[in-house]
>>> print(open('work_25.tsv').read())   # TSV, C-alpha atoms
chain	number	residue	atom	x	y	z
A	1	MET	CA	-14.52	-47.43	64.28
A	2	ILE	CA	-17.34	-47.31	61.67
A	3	GLU	CA	-19.75	-46.70	64.54
A	4	GLN	CA	-17.65	-43.72	65.66
A	5	PHE	CA	-17.38	-42.41	62.11
A	6	VAL	CA	-21.17	-42.60	61.62
A	7	ALA	CA	-21.86	-41.04	65.03
A	8	GLN	CA	-19.55	-38.11	64.24
A	9	SER	CA	-21.16	-37.65	60.83
A	10	ILE	CA	-24.76	-37.43	62.09
A	11	GLY	CA	-26.00	-33.86	61.71
A	12	GLU	CA	-26.54	-31.11	59.19
A	13	TRP	CA	-23.46	-30.02	57.26
A	14	ARG	CA	-22.78	-27.00	55.12
A	15	SER	CA	-20.50	-28.16	52.34
A	16	MET	CA	-18.16	-26.16	50.08
A	17	ARG	CA	-17.12	-28.49	47.30
A	18	SER	CA	-14.66	-27.99	44.45
A	19	GLY	CA	-14.46	-30.33	41.48
A	20	HIS	CA	-11.46	-30.59	39.17
A	21	SER	CA	-11.96	-32.04	35.68
A	22	LEU	CA	-8.36	-32.99	34.94
A	23	ALA	CA	-8.59	-33.46	31.16
A	24	PHE	CA	-10.47	-30.21	30.57
A	25	LYS	CA	-8.78	-28.22	33.35
A	26	GLN	CA	-12.18	-27.08	34.54
A	27	PHE	CA	-13.16	-26.08	38.04
A	28	GLU	CA	-16.59	-26.55	39.53
A	29	GLU	CA	-17.84	-24.99	42.76
A	30	ILE	CA	-20.88	-26.12	44.71
A	31	VAL	CA	-22.32	-25.02	48.03
A	32	SER	CA	-24.76	-27.51	49.49
A	33	THR	CA	-26.43	-28.68	52.65
A	34	ILE	CA	-25.97	-32.32	53.59
A	35	LYS	CA	-28.22	-33.96	56.17
A	36	ILE	CA	-26.97	-37.18	57.71
A	37	LYS	CA	-29.40	-39.05	59.94
A	38	PRO	CA	-29.35	-42.43	61.65
A	39	VAL	CA	-31.80	-45.02	60.29
A	40	ASP	CA	-33.40	-47.63	62.54
A	41	LEU	CA	-32.00	-51.12	61.92
A	42	ASN	CA	-35.56	-52.45	61.89
A	43	ASP	CA	-36.71	-50.02	59.21
A	44	THR	CA	-37.98	-52.00	56.19
A	45	ILE	CA	-35.71	-49.90	53.92
A	46	ILE	CA	-32.71	-51.71	55.43
A	47	GLU	CA	-34.05	-55.15	54.54
A	48	GLU	CA	-34.95	-53.89	51.06
A	49	THR	CA	-31.50	-52.41	50.48
A	50	ILE	CA	-29.87	-55.71	51.51
A	51	LYS	CA	-32.29	-57.74	49.36
A	52	LYS	CA	-31.53	-55.59	46.31
A	53	SER	CA	-27.81	-56.17	46.73
A	54	SER	CA	-26.12	-59.28	45.42
A	55	LEU	CA	-25.32	-60.40	48.96
A	56	ASN	CA	-27.23	-63.30	50.40
A	57	SER	CA	-26.52	-62.85	54.05
A	58	CYS	CA	-24.89	-60.06	55.95
A	59	ILE	CA	-24.89	-58.37	59.33
A	60	ALA	CA	-25.81	-54.69	59.19
A	61	ILE	CA	-24.76	-52.06	61.74
A	62	CYS	CA	-25.45	-48.36	62.24
A	63	PRO	CA	-27.27	-47.60	58.96
A	64	PHE	CA	-27.71	-43.95	58.04
A	65	SER	CA	-29.19	-41.73	55.36
A	66	ILE	CA	-27.55	-38.87	53.46
A	67	GLU	CA	-29.67	-36.16	51.89
A	68	TRP	CA	-28.02	-33.44	49.83
A	69	LEU	CA	-29.45	-30.17	48.62
A	70	ALA	CA	-27.35	-27.86	46.45
A	71	GLU	CA	-27.82	-24.21	47.23
A	72	SER	CA	-25.83	-22.72	44.40
A	73	SER	CA	-23.43	-23.63	41.68
A	74	TRP	CA	-21.05	-21.52	39.66
A	75	ASP	CA	-21.30	-23.99	36.79
A	76	ASN	CA	-24.40	-23.37	34.72
A	77	ASN	CA	-23.90	-26.55	32.74
A	78	LYS	CA	-24.28	-28.71	35.81
A	79	GLU	CA	-27.11	-31.12	35.36
A	80	GLU	CA	-29.84	-30.54	37.88
A	81	LYS	CA	-30.56	-34.19	38.49
A	82	ASN	CA	-27.31	-34.71	40.37
A	83	MET	CA	-27.78	-31.75	42.65
A	84	ASN	CA	-30.39	-33.05	45.05
A	85	GLY	CA	-30.94	-36.53	46.32
A	86	LYS	CA	-31.09	-38.99	49.14
A	87	SER	CA	-29.28	-42.22	49.71
A	88	ILE	CA	-29.54	-44.94	52.37
A	89	LEU	CA	-26.19	-46.34	53.49
A	90	VAL	CA	-25.91	-49.67	55.29
A	91	PRO	CA	-22.54	-50.79	56.70
A	92	ILE	CA	-22.32	-54.59	56.62
A	93	ASN	CA	-19.96	-57.45	57.50
A	94	VAL	CA	-17.62	-55.23	59.48
A	95	MET	CA	-14.50	-56.96	60.81
A	96	ASN	CA	-11.18	-55.44	61.90
A	97	ASN	CA	-12.25	-51.94	60.84
A	98	GLU	CA	-12.95	-53.08	57.29
A	99	GLY	CA	-16.21	-53.93	55.61
A	100	TYR	CA	-18.75	-52.89	53.04
A	101	ILE	CA	-21.39	-50.19	52.74
A	102	LEU	CA	-24.49	-50.80	50.67
A	103	ARG	CA	-25.78	-47.60	49.06
A	104	SER	CA	-29.28	-47.24	47.68
A	105	LEU	CA	-27.84	-44.53	45.35
A	106	GLY	CA	-24.21	-44.29	44.39
A	107	TYR	CA	-21.97	-41.24	44.38
A	108	ALA	CA	-20.28	-41.36	40.95
A	109	GLU	CA	-23.21	-43.02	39.21
A	110	LYS	CA	-26.79	-42.75	40.34
A	111	VAL	CA	-27.42	-46.47	40.81
A	112	SER	CA	-27.27	-48.69	43.88
A	113	ALA	CA	-23.71	-49.58	44.76
A	114	ILE	CA	-21.50	-51.48	47.15
A	115	SER	CA	-18.51	-49.66	48.62
A	116	LYS	CA	-15.59	-51.36	50.32
A	117	PHE	CA	-14.27	-49.36	53.24
A	118	ASN	CA	-11.20	-49.33	55.45
A	119	PHE	CA	-9.59	-46.88	57.85
A	120	LEU	CA	-6.11	-45.37	57.74
A	121	ASN	CA	-4.19	-45.22	61.03
A	122	ASP	CA	-5.21	-41.58	61.62
A	123	GLY	CA	-8.94	-42.41	61.41
A	124	THR	CA	-9.43	-41.37	57.78
A	125	ILE	CA	-12.08	-43.59	56.16
A	126	ILE	CA	-11.45	-44.73	52.57
A	127	LEU	CA	-14.37	-45.89	50.45
A	128	ASN	CA	-13.81	-47.71	47.16
A	129	THR	CA	-16.77	-48.18	44.86
A	130	ASP	CA	-16.99	-50.10	41.61
A	131	TYR	CA	-19.60	-48.63	39.29
A	132	LYS	CA	-20.55	-49.73	35.77
A	133	GLN	CA	-18.21	-47.32	33.98
A	134	THR	CA	-16.20	-45.75	36.75
A	135	ILE	CA	-14.30	-46.51	39.94
A	136	ALA	CA	-14.55	-44.00	42.79
A	137	GLU	CA	-12.28	-43.54	45.80
A	138	GLU	CA	-13.52	-41.26	48.55
A	139	ARG	CA	-11.65	-40.35	51.70
A	140	ILE	CA	-13.21	-38.53	54.65
A	141	TRP	CA	-11.32	-37.21	57.67
A	142	PHE	CA	-12.35	-35.03	60.61
A	143	LEU	CA	-10.42	-31.83	61.40
A	144	SER	CA	-12.45	-31.33	64.57
A	145	GLU	CA	-15.78	-32.53	65.90
A	146	ASN	CA	-17.60	-30.09	63.62
A	147	VAL	CA	-15.39	-29.85	60.54
A	148	ARG	CA	-14.59	-32.61	58.09
A	149	CYS	CA	-12.92	-32.92	54.70
A	150	ARG	CA	-14.00	-35.23	51.92
A	151	SER	CA	-12.00	-35.89	48.78
A	152	SER	CA	-12.90	-38.08	45.82
A	153	VAL	CA	-11.22	-39.46	42.74
A	154	ILE	CA	-13.19	-40.88	39.83
A	155	ARG	CA	-11.42	-43.12	37.31
A	156	SER	CA	-12.60	-44.60	34.05
A	157	LYS	CA	-12.99	-48.35	34.50
A	158	SER	CA	-11.85	-49.10	30.96
A	159	SER	CA	-8.89	-46.73	30.56
A	160	LYS	CA	-8.04	-46.27	34.27
A	161	ALA	CA	-7.65	-42.56	33.46
A	162	ILE	CA	-8.42	-40.18	36.32
A	163	LEU	CA	-11.48	-38.24	35.16
A	164	GLN	CA	-12.24	-36.02	38.10
A	165	THR	CA	-11.15	-35.19	41.61
A	166	SER	CA	-13.13	-33.24	44.16
A	167	PHE	CA	-12.69	-31.82	47.63
A	168	ALA	CA	-15.30	-30.69	50.12
A	169	SER	CA	-14.91	-28.73	53.36
A	170	GLU	CA	-17.89	-29.43	55.57
A	171	ILE	CA	-19.00	-27.61	58.70
A	172	LYS	CA	-21.64	-29.00	61.01
A	173	ARG	CA	-24.55	-26.61	61.47
A	174	LEU	CA	-27.11	-28.28	63.68
A	175	PHE	CA	-27.67	-31.48	65.45
A	176	ILE	CA	-30.81	-33.22	64.31
A	177	ASN	CA	-33.11	-33.81	67.26
A	178	GLU	CA	-35.96	-35.49	65.49
B	1	MET	CA	9.83	-43.68	52.62
B	2	ILE	CA	10.72	-39.97	52.49
B	3	GLU	CA	13.27	-40.86	49.79
B	4	GLN	CA	10.53	-42.53	47.75
B	5	PHE	CA	8.17	-39.61	48.29
B	6	VAL	CA	10.80	-37.09	47.11
B	7	ALA	CA	11.79	-39.27	44.13
B	8	GLN	CA	8.14	-39.53	43.02
B	9	SER	CA	7.70	-35.78	43.42
B	10	ILE	CA	10.65	-34.74	41.26
B	11	GLY	CA	9.38	-33.22	38.02
B	12	GLU	CA	7.20	-30.48	36.62
B	13	TRP	CA	3.61	-30.50	37.77
B	14	ARG	CA	0.53	-28.72	36.51
B	15	SER	CA	-1.58	-27.92	39.54
B	16	MET	CA	-5.30	-27.12	39.81
B	17	ARG	CA	-5.84	-25.77	43.29
B	18	SER	CA	-9.05	-24.77	45.07
B	19	GLY	CA	-9.07	-22.80	48.30
B	20	HIS	CA	-12.01	-22.65	50.70
B	21	SER	CA	-12.24	-19.74	53.15
B	22	LEU	CA	-14.59	-21.29	55.67
B	23	ALA	CA	-15.69	-18.16	57.55
B	24	PHE	CA	-16.39	-16.17	54.39
B	25	LYS	CA	-17.62	-19.11	52.29
B	26	GLN	CA	-15.34	-17.99	49.49
B	27	PHE	CA	-13.79	-20.13	46.81
B	28	GLU	CA	-10.45	-19.48	45.19
B	29	GLU	CA	-9.13	-21.18	42.05
B	30	ILE	CA	-5.52	-21.20	40.92
B	31	VAL	CA	-3.77	-22.95	38.06
B	32	SER	CA	-0.02	-23.10	38.50
B	33	THR	CA	3.12	-24.89	37.45
B	34	ILE	CA	5.22	-26.43	40.20
B	35	LYS	CA	8.79	-27.48	39.53
B	36	ILE	CA	10.34	-29.89	42.02
B	37	LYS	CA	14.05	-30.59	41.62
B	38	PRO	CA	16.63	-32.47	43.67
B	39	VAL	CA	19.29	-30.36	45.37
B	40	ASP	CA	22.82	-31.66	45.89
B	41	LEU	CA	23.54	-32.45	49.55
B	42	ASN	CA	26.84	-30.58	49.21
B	43	ASP	CA	25.21	-27.40	47.90
B	44	THR	CA	26.03	-24.52	50.26
B	45	ILE	CA	22.29	-23.66	50.42
B	46	ILE	CA	21.75	-26.83	52.47
B	47	GLU	CA	24.31	-25.83	55.11
B	48	GLU	CA	22.86	-22.32	55.17
B	49	THR	CA	19.30	-23.60	55.61
B	50	ILE	CA	20.41	-25.81	58.51
B	51	LYS	CA	22.42	-22.98	60.10
B	52	LYS	CA	19.43	-20.63	59.93
B	53	SER	CA	17.24	-23.16	61.73
B	54	SER	CA	17.27	-23.49	65.50
B	55	LEU	CA	18.75	-26.97	65.22
B	56	ASN	CA	22.36	-27.45	66.22
B	57	SER	CA	23.07	-30.77	64.61
B	58	CYS	CA	21.08	-32.84	62.21
B	59	ILE	CA	21.47	-35.36	59.41
B	60	ALA	CA	19.99	-34.20	56.11
B	61	ILE	CA	18.78	-36.51	53.33
B	62	CYS	CA	17.38	-36.00	49.81
B	63	PRO	CA	16.93	-32.20	49.84
B	64	PHE	CA	14.83	-30.69	47.08
B	65	SER	CA	13.55	-27.37	45.81
B	66	ILE	CA	10.00	-26.33	44.94
B	67	GLU	CA	9.35	-23.49	42.54
B	68	TRP	CA	5.80	-22.36	41.85
B	69	LEU	CA	4.50	-20.12	39.11
B	70	ALA	CA	0.82	-19.23	39.00
B	71	GLU	CA	-0.62	-19.11	35.51
B	72	SER	CA	-4.01	-17.74	36.26
B	73	SER	CA	-6.35	-17.00	39.09
B	74	TRP	CA	-10.07	-16.44	39.15
B	75	ASP	CA	-9.68	-14.30	42.24
B	76	ASN	CA	-8.64	-10.77	41.31
B	77	ASN	CA	-8.03	-9.83	44.93
B	78	LYS	CA	-5.29	-12.41	45.27
B	79	GLU	CA	-2.07	-10.77	46.26
B	80	GLU	CA	0.61	-11.23	43.66
B	81	LYS	CA	3.40	-11.79	46.13
B	82	ASN	CA	2.16	-15.23	47.10
B	83	MET	CA	1.76	-16.44	43.55
B	84	ASN	CA	5.36	-17.09	42.58
B	85	GLY	CA	8.22	-18.28	44.69
B	86	LYS	CA	10.86	-20.84	45.43
B	87	SER	CA	11.63	-22.79	48.55
B	88	ILE	CA	14.42	-25.19	49.53
B	89	LEU	CA	13.25	-28.19	51.55
B	90	VAL	CA	15.65	-30.27	53.62
B	91	PRO	CA	14.42	-33.49	55.29
B	92	ILE	CA	16.38	-34.07	58.50
B	93	ASN	CA	16.64	-36.51	61.42
B	94	VAL	CA	14.51	-39.15	59.73
B	95	MET	CA	13.77	-42.22	61.81
B	96	ASN	CA	10.97	-44.77	61.46
B	97	ASN	CA	9.37	-42.81	58.63
B	98	GLU	CA	9.07	-39.70	60.78
B	99	GLY	CA	11.21	-36.60	60.85
B	100	TYR	CA	11.40	-32.93	60.06
B	101	ILE	CA	11.66	-30.84	56.93
B	102	LEU	CA	13.40	-27.48	57.05
B	103	ARG	CA	11.88	-24.98	54.61
B	104	SER	CA	13.63	-21.83	53.47
B	105	LEU	CA	10.14	-20.38	52.82
B	106	GLY	CA	7.00	-21.63	54.51
B	107	TYR	CA	3.66	-22.45	52.94
B	108	ALA	CA	1.13	-20.65	55.15
B	109	GLU	CA	3.47	-17.80	56.04
B	110	LYS	CA	6.36	-16.66	53.91
B	111	VAL	CA	9.11	-17.19	56.46
B	112	SER	CA	11.49	-20.09	57.05
B	113	ALA	CA	9.79	-22.93	58.86
B	114	ILE	CA	10.23	-26.40	60.29
B	115	SER	CA	7.64	-29.02	59.40
B	116	LYS	CA	7.18	-32.29	61.23
B	117	PHE	CA	6.27	-35.14	58.91
B	118	ASN	CA	4.93	-38.66	59.19
B	119	PHE	CA	3.36	-41.17	56.85
B	120	LEU	CA	-0.04	-42.85	57.05
B	121	ASN	CA	-0.18	-46.58	56.34
B	122	ASP	CA	-1.27	-45.98	52.72
B	123	GLY	CA	1.81	-43.82	51.97
B	124	THR	CA	0.11	-40.44	52.46
B	125	ILE	CA	2.61	-37.93	53.88
B	126	ILE	CA	1.36	-35.54	56.56
B	127	LEU	CA	3.26	-32.31	57.22
B	128	ASN	CA	2.56	-30.22	60.32
B	129	THR	CA	4.04	-26.75	60.47
B	130	ASP	CA	3.96	-24.25	63.30
B	131	TYR	CA	4.09	-20.66	62.04
B	132	LYS	CA	3.96	-17.44	64.02
B	133	GLN	CA	0.21	-16.96	63.75
B	134	THR	CA	-1.02	-20.13	62.13
B	135	ILE	CA	-0.66	-23.90	62.17
B	136	ALA	CA	-0.75	-25.73	58.83
B	137	GLU	CA	-1.43	-29.38	58.10
B	138	GLU	CA	-0.73	-30.61	54.60
B	139	ARG	CA	-1.30	-34.09	53.28
B	140	ILE	CA	-0.03	-35.36	49.95
B	141	TRP	CA	-0.92	-38.70	48.36
B	142	PHE	CA	-0.24	-40.20	44.95
B	143	LEU	CA	-3.10	-41.49	42.80
B	144	SER	CA	-0.66	-42.84	40.23
B	145	GLU	CA	2.96	-42.22	39.30
B	146	ASN	CA	1.97	-38.99	37.56
B	147	VAL	CA	-1.00	-37.70	39.53
B	148	ARG	CA	-1.01	-36.56	43.12
B	149	CYS	CA	-3.40	-34.78	45.48
B	150	ARG	CA	-2.43	-32.23	48.09
B	151	SER	CA	-4.76	-30.89	50.76
B	152	SER	CA	-4.05	-28.29	53.40
B	153	VAL	CA	-5.73	-26.93	56.51
B	154	ILE	CA	-4.68	-23.65	58.09
B	155	ARG	CA	-5.71	-22.93	61.68
B	156	SER	CA	-5.33	-19.82	63.79
B	157	LYS	CA	-2.76	-20.49	66.48
B	158	SER	CA	-4.58	-18.36	69.04
B	159	SER	CA	-8.20	-19.38	68.49
B	160	LYS	CA	-7.58	-22.82	66.89
B	161	ALA	CA	-10.29	-21.85	64.37
B	162	ILE	CA	-9.93	-23.39	60.91
B	163	LEU	CA	-9.30	-20.45	58.59
B	164	GLN	CA	-8.81	-22.11	55.25
B	165	THR	CA	-8.65	-25.45	53.53
B	166	SER	CA	-7.29	-26.13	50.08
B	167	PHE	CA	-7.03	-29.00	47.64
B	168	ALA	CA	-4.79	-29.39	44.63
B	169	SER	CA	-4.87	-31.98	41.84
B	170	GLU	CA	-1.44	-32.19	40.27
B	171	ILE	CA	-0.41	-33.86	37.02
B	172	LYS	CA	3.23	-34.43	36.11
B	173	ARG	CA	4.14	-32.85	32.81
B	174	LEU	CA	7.84	-33.40	32.22
B	175	PHE	CA	10.79	-34.93	33.89
B	176	ILE	CA	13.52	-32.44	34.54
B	177	ASN	CA	16.71	-33.56	32.88
B	178	GLU	CA	18.97	-30.74	33.77
>>> encode(input="work_25.tsv", output="C-alpha cells")
Amino acid sequence: MIEQFVAQSIGEWRSMRSGHSLAFKQFEEIVSTIKIKPVDLNDTIIEETIKKSSLNSCIAICPFSIEWLAESSWDNNKEEKNMNGKSILVPINVMNNEGYILRSLGYAEKVSAISKFNFLNDGTIILNTDYKQTIAEERIWFLSENVRCRSSVIRSKSSKAILQTSFASEIKRLFINE
Amino acid sequence: MIEQFVAQSIGEWRSMRSGHSLAFKQFEEIVSTIKIKPVDLNDTIIEETIKKSSLNSCIAICPFSIEWLAESSWDNNKEEKNMNGKSILVPINVMNNEGYILRSLGYAEKVSAISKFNFLNDGTIILNTDYKQTIAEERIWFLSENVRCRSSVIRSKSSKAILQTSFASEIKRLFINE
C-alpha cells in the first residue's frame, strides 16, 4: 500500500494550502509547487539518511524526494526559510501496511525526523512525527488520480495544545519523465 | 458510533473555515459560530423531516440541529444567503456503523437532502450526499474532545470535476445547557 501511495504521489503538484493558527485565529494562504520524484534505492543519499537515523538496521523501499517551491503567500510575516526546500523520504520496515518514514528534513521542524505511518481502511495515509518541541499528524487522501488532499495538525509536545492545523488541495500538473 | 459522534458534537463551536476553488485558484476564509443541539425524537419536526423524504419507513436515532452564523468573511463577493442558517439532521436506518442522515437543508445545495454515512477505522465519519447538480463528500474527525476538523469536497454531478474543497478547524466554546 505504501508502494501504491508513493507511485500515485510521483509528479508535479500545484498546491493550495490554508493554515489555521487556532490560538490567534489567523489564516494563512500559500500557493506552491511540489515536485515528488522517485529516488534510486542504491543512491548514496539513502544509505546516508539511514545512517543518520537512530536505527541500526532497516529495510528500505520506494524512497522518494519532495521539493517545494512557494509561489506566493498572503502572509507577509511568513519566514522565507520555510517556503522552499527539499527532503528525502525513505519508507522502512514496512509490515502490514504500517511502518516508518525517515525524512532528511521534517515538516513541522526543519530537522531530520522519523514518521510512523499507517493507513485507514479507505486508503488515507496517516503520518505521526515526533519533533523536539512539537508532534505533527498529517493525513493524505486521494480524491482522484490527479487530486489529493493533505491535512496536518501540530501540537505542542509539552502542553499537548493544538497549535496549528492546515489543509492543502493538490492538483497534479505534469508527470516527471526525467 | 453515530450516537458517540453526535454526543461529541453537541455544543457551540467556533469554526475557522478555508475554501479552495480549484479551477479559479481562489481562497475563501470564513469565521463562524456553529451551534449543535440535540432534538427530541418526539418533536414533530422529526416526523415532518421523515415524511418529506422519499423514505416510507425508517428508524430514527439521536436527531440533532445545526445552526451556523458567520461572523466575518474575507471574501466580499460571498453571497449572504449561505452564511446563516439552520438544519435538522436525522440519522436513520443505522446498522453496522453505516446509515443515512436526513437533512432539512443540505450543505452544498440549500435543499433537503439525504446523506449516506460510514465511519473509517479511526472514528472519522464520512458523509456522501447526492444533490441535484453536485455530489458532496464531507469527513469529520475529532482531534480531542473539544477540537474537530471537517473537510469537504464538492464535485459536479455531470462532469465529475472537483469544484471546491474546504477545511474547517472547530473549537468547542460552551456546552449548551438549555
>>> residues_around(input="work_25.tsv", residues="A:Leu55", least_positions_apart="3", cutoff="12 Å", atoms="all atoms listed in the file", output="VMD selection string")
chain A and resid 47 to 52 58 to 60 92 to 93 100 to 102 113 to 114
>>> interface_residues(input="work_25.tsv", of="chain A", to="chain B", cutoff="9 Å", atoms="all atoms listed in the file", output="PyMOL selection string")
chain A and resi 16-20+22+25-27+29+31+120-122+143+147+149+151+153+162+165-171
>>> atom_distance(input="work_25.tsv", atom1="atom CA of A:Ser9", atom2="atom CA of A:Ser104")
18.2 Å
>>> atom_distance(input="work_25.tsv", atom1="atom CA of A:Val6", atom2="atom CA of B:Ala136")
26.6 Å
>>> residues_around(input="work_25.tsv", residues="B:Leu69", least_positions_apart="5", cutoff="8 Å", atoms="all atoms listed in the file", output="list in words")
Ser32, Thr33, Ile34, Met83, Asn84 and Gly85 of chain B
>>> atom_distance(input="work_25.tsv", atom1="atom CA of B:Ala23", atom2="atom CA of B:Thr129")
21.7 Å
>>> closest_residue(input="work_25.tsv", among="B:Asp130, B:Asp43, B:Glu98, B:Glu71", to="B:Ile2", atoms="all atoms listed in the file")
B:Glu98
>>> closest_residue(input="work_25.tsv", among="B:Ile125, B:Val111, B:Ile154, B:Val90", to="B:Ile140", atoms="only C-alpha atoms")
B:Ile125
>>> residues_near_point(input="work_25.tsv", point="(9.5, -41.8, 42.8)", cutoff="12 Å", atoms="only C-alpha atoms", output="ChimeraX atom specification")
/B:1-11,36,38,142,144-148,172,175
>>> residues_around(input="work_25.tsv", residues="A:Arg103", least_positions_apart="3", cutoff="6 Å", atoms="all atoms listed in the file", output="MDAnalysis selection string")
chainID A and resid 88:89 106 112:113
>>> write_last_selection(input="work_25.tsv", atoms="C-alpha atoms", output="mmCIF file, in the coordinates of the input")
data_model
loop_
_atom_site.group_PDB
_atom_site.id
_atom_site.type_symbol
_atom_site.label_atom_id
_atom_site.label_comp_id
_atom_site.auth_asym_id
_atom_site.auth_seq_id
_atom_site.Cartn_x
_atom_site.Cartn_y
_atom_site.Cartn_z
ATOM 1 C CA ILE A 88 -29.540 -44.940 52.370
ATOM 2 C CA LEU A 89 -26.190 -46.340 53.490
ATOM 3 C CA GLY A 106 -24.210 -44.290 44.390
ATOM 4 C CA SER A 112 -27.270 -48.690 43.880
ATOM 5 C CA ALA A 113 -23.710 -49.580 44.760
#
>>> axis_aligned_box(input="work_25.tsv", around="stretch 45-58 of chain B", padding_each_side="5 Å", output="lines of an AutoDock Vina configuration file")
center_x = 20.8
center_y = -26.7
center_z = 58.3
size_x = 17.1
size_y = 22.2
size_z = 25.8
